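Heads up, the thing below is written out as structure tokens.
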Amino acid sequence: MTVKRVKKQLVQLVVGVSVSMAAVMASAAIQSPEMENTAYVLMDYNTGEILAQKNANQALPPASLTKMMTSYIIEQRLASGDLKETDQVLMSQNAWCRGSSSQSCMYVPVNKSASVIDMLRGIIIQSGNDASKAMAEHIAGSEASFAILMNEQAQKIGMKNSHFVNSTGMPDEGHQASALDLAKLSRAIIKNSGDYYGIYSEKEFTYNGITQGNRNALLATDPTVDGLKTGHTDAAGYCLAASSKREGMRLISVIMGTDSQQARADQSRELLNWGFGHFTTVTQAPAGQFVGKIPVWFGEAKEIEVATADNLQILTTKTQKNKITTVVDIPESLEAPIKKGQEIGKMMAVIDGKAVASVPVIATSDIEQSGFMSRIWQRFSRWAQNLF
């Protein structure tokens, strides 16, 4: 790793010309894949950068990809303690379904109850409309009231081109979501749902003596794929949100509006392979890496060690990964008192003179002010040094 310490003015110039991933791709002459679907998005999980897209912001019928929001709300309620896995949820007459060619069911008998954790598996693995409605009623009193919660959560996540009317994704006027928004939702699930994200990789679930398989075909063919959700209606076509992690890098793909189950699986696989083939995540400096020592004025110690606060990770094309250099913006001296963890400056990763990522540089210890007479003497010494 090449580390350069630079003056403040140069660092400001470097930061001022930071580049987007789109610009990086353009400079590397990388073309997004062409696919027969209505919309798609490929997102880097770590940074949220969009690596490829088609009609990413177009609001479309999301089919059962809707259930990712239903399951996400349940997962957050479990994490907060508002729900418990063992809580019993009634299958009302309104939520109950017998099953048909037009909808998927968990098959909880009408007026019987199932635990929250079973309902969650019924939603994620079996894509149960009955489980989704029953949980919506359990949490909010009605599916319409639950839809309000869904839209509030969507706003928090930053889903700007989505509006939820129901908990299942069955066709409904005004019920829509964009591929980009569903990628943001997928990212939130992976990031915030903890151990419950593991359910999205489970290949089958048995309830009421009925075993149903996960419809995400990639789980059976690609060991690096660990979720998320499929969907299909006549209006939406065949849809799939998937995530794959390879060599420490995670990508999220969302495919909408293909013409078959095979097509959505094939296109998701192609898009993920394209992403991993062209891009990589480089850890240029680990968290806690020693950066340097800085002189300290008016303190009980004369200098302080500083280090990186977090991993300095860079998402870049594979053709540019060997072009990364590192610059450090830290002051020539500091004044006490200084607190451990206090931000002192920044370390930046630079490609072709342009900043692509940065992390704070922090103090690794406390330094208290020295005594009054010591500070007077240091002030005199500092004044004398400035004369020459």
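Here's how to read the names in the structure tokens: chain A, B, ... by the order shown, residue numbers from 1 in each chain, ligand numbers from 1 in the order shown.
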#### Entry: Surrounding residues of Ala147 in chain A excluding itself and chain neighbours under 4 positions, 10 Å, only C-alpha atoms, as a PyMOL selection string
chain A and resi 69-70+136+140+142-143+151-153+163-167+175
### Message
Considering only helix (DSSP H, G or I) as DSSP defines it on the backbone, what residues of range 4-226 of chain A qualify? List them as JSON, numbers by chain.
### Response
{"A": [8, 9, 10, 11, 12, 13, 14, 15, 16, 21, 22, 23, 24, 25, 26, 27, 63, 64, 65, 66, 67, 68, 69, 70, 71, 72, 73, 74, 75, 76, 77, 78, 79, 80, 116, 117, 118, 119, 120, 121, 122, 123, 124, 129, 130, 131, 132, 133, 134, 135, 136, 137, 138, 139, 140, 143, 144, 145, 146, 147, 148, 149, 150, 151, 152, 153, 154, 155, 156, 157, 179, 180, 181, 182, 183, 184, 185, 186, 187, 188, 189, 190, 191, 192, 194, 195, 196, 197, 198, 199, 200, 201, 218, 219, 220, 221]}
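For the pair CA of Ala217 in chain A and CA of Cys97 in chain A, the interatomic distance is 25.0 Å.
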### Summary
The residue from A:Gly128, A:Gln93, A:Thr168, A:Arg250 with the smallest atom-to-atom distance to Ala144 in chain A, counting only C-alpha atoms, is A:Thr168
### Query
Skipping near chain neighbours, those fewer than 3 positions away, what residues fall within 10 Å of Gly48 in chain A using only C-alpha atoms, listed as a PyMOL selection string?
chain A and resi 42-45+51+183-184+187+251-252
#### Entry: Residue nearest Lys323 in chain A - candidates A:Val282, A:Ala263, A:Met119, A:Ala309, atoms counted: only C-alpha atoms
A:Val282
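Taking only C-alpha atoms into account, Lys67 in chain A lies nearest to A:Leu240 out of the set A:Ala79, A:Ala336, A:Ala235, A:Leu240.
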### Message
What parts of range 59-201 of chain A does DSSP call strand (DSSP E)? I'd like the answer as a list in words.
### Response
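Those in range 59-201 of chain A that DSSP calls strand (DSSP E) are Gln88, Val89, Leu90, Ser113, Ala114 and Ser115 of chain A.
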Using C-alpha atoms, can you export the residues from the last selection as a CSV table (one decimal), in the first residue's frame?
chain,number,residue,atom,x,y,z
A,88,GLN,CA,-49.5,-17.2,18.4
A,89,VAL,CA,-51.1,-15.7,15.3
A,90,LEU,CA,-54.7,-16.4,14.3
A,113,SER,CA,-53.1,-20.3,15.1
A,114,ALA,CA,-49.4,-20.6,14.2
A,115,SER,CA,-46.3,-19.1,15.8
### Message
Report as a list in words all protein, DNA and RNA residues lying within 8 Å of range 256-261 of chain A, evaluated on only C-alpha atoms, omitting residues in the same chain fewer than 4 positions from it.
### Response
Glu36, Asn37, Thr38, Ala39, Tyr40, Pro62, Ala179, Ala236, Gly237, Tyr238, Cys239, Leu240 and Ala265 of chain A
Compile a residue-level contact table for range 93-151 of chain A against range 195-205 of chain A at a cut-off of 10 Å, reporting for every qualifying residue the shortest atom pair and its distance in Å to one decimal, with only C-alpha atoms counted, rows ordered by chain and ascending number, as a Markdown table.
| residue | atom | partner | partner_atom | distance |
| --- | --- | --- | --- | --- |
| A:Met106 | CA | A:Phe205 | CA | 9.4 |
| A:Ile117 | CA | A:Tyr196 | CA | 9.4 |
| A:Asp118 | CA | A:Phe205 | CA | 9.0 |
| A:Leu120 | CA | A:Ile199 | CA | 8.6 |
| A:Arg121 | CA | A:Ile199 | CA | 6.8 |
| A:Gly122 | CA | A:Phe205 | CA | 7.4 |
| A:Ile123 | CA | A:Tyr200 | CA | 9.9 |
| A:Ile124 | CA | A:Tyr200 | CA | 6.2 |
| A:Ile125 | CA | A:Glu204 | CA | 6.4 |
| A:Gln126 | CA | A:Phe205 | CA | 7.0 |
Take the residues from that selection and put them in a file with N, CA, C and O atoms, as a PDB file, in the first residue's frame.
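Dumped everything to out_14.pdb:
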ATOM      1  N   MET A 106     -49.632 -20.989   2.846  1.00  0.00           N
ATOM      2  CA  MET A 106     -48.946 -21.754   3.877  1.00  0.00           C
ATOM      3  C   MET A 106     -49.827 -22.895   4.376  1.00  0.00           C
ATOM      4  O   MET A 106     -49.331 -23.868   4.931  1.00  0.00           O
ATOM      5  N   ILE A 117     -42.722 -17.300  14.254  1.00  0.00           N
ATOM      6  CA  ILE A 117     -41.568 -17.794  13.500  1.00  0.00           C
ATOM      7  C   ILE A 117     -42.011 -18.733  12.384  1.00  0.00           C
ATOM      8  O   ILE A 117     -41.418 -18.733  11.289  1.00  0.00           O
ATOM      9  N   ASP A 118     -43.065 -19.524  12.615  1.00  0.00           N
ATOM     10  CA  ASP A 118     -43.582 -20.366  11.539  1.00  0.00           C
ATOM     11  C   ASP A 118     -44.224 -19.512  10.449  1.00  0.00           C
ATOM     12  O   ASP A 118     -44.062 -19.788   9.253  1.00  0.00           O
ATOM     13  N   LEU A 120     -43.376 -16.520   9.677  1.00  0.00           N
ATOM     14  CA  LEU A 120     -42.290 -15.860   8.944  1.00  0.00           C
ATOM     15  C   LEU A 120     -41.707 -16.809   7.903  1.00  0.00           C
ATOM     16  O   LEU A 120     -41.462 -16.408   6.754  1.00  0.00           O
ATOM     17  N   ARG A 121     -41.498 -18.058   8.270  1.00  0.00           N
ATOM     18  CA  ARG A 121     -41.011 -19.045   7.296  1.00  0.00           C
ATOM     19  C   ARG A 121     -42.047 -19.285   6.196  1.00  0.00           C
ATOM     20  O   ARG A 121     -41.702 -19.468   5.031  1.00  0.00           O
ATOM     21  N   GLY A 122     -43.306 -19.276   6.582  1.00  0.00           N
ATOM     22  CA  GLY A 122     -44.355 -19.444   5.590  1.00  0.00           C
ATOM     23  C   GLY A 122     -44.376 -18.319   4.571  1.00  0.00           C
ATOM     24  O   GLY A 122     -44.698 -18.529   3.398  1.00  0.00           O
ATOM     25  N   ILE A 123     -44.020 -17.121   5.004  1.00  0.00           N
ATOM     26  CA  ILE A 123     -43.969 -15.962   4.096  1.00  0.00           C
ATOM     27  C   ILE A 123     -42.746 -16.035   3.195  1.00  0.00           C
ATOM     28  O   ILE A 123     -42.828 -15.879   1.974  1.00  0.00           O
ATOM     29  N   ILE A 124     -41.575 -16.287   3.805  1.00  0.00           N
ATOM     30  CA  ILE A 124     -40.310 -16.216   3.055  1.00  0.00           C
ATOM     31  C   ILE A 124     -40.127 -17.431   2.144  1.00  0.00           C
ATOM     32  O   ILE A 124     -39.786 -17.286   0.967  1.00  0.00           O
ATOM     33  N   ILE A 125     -40.330 -18.622   2.678  1.00  0.00           N
ATOM     34  CA  ILE A 125     -40.020 -19.848   1.940  1.00  0.00           C
ATOM     35  C   ILE A 125     -41.185 -20.284   1.062  1.00  0.00           C
ATOM     36  O   ILE A 125     -41.021 -20.596  -0.119  1.00  0.00           O
ATOM     37  N   GLN A 126     -42.389 -20.302   1.652  1.00  0.00           N
ATOM     38  CA  GLN A 126     -43.557 -20.798   0.927  1.00  0.00           C
ATOM     39  C   GLN A 126     -44.308 -19.690   0.192  1.00  0.00           C
ATOM     40  O   GLN A 126     -45.212 -19.975  -0.584  1.00  0.00           O
TER      41      GLN A 126
END
### Among listed residues A:Ile304, A:Ala242, A:Ile314, A:Ile324, nearest Gly341 in chain A (using only C-alpha atoms)
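The answer is A:Ile304, which sits nearest to Gly341 in chain A.
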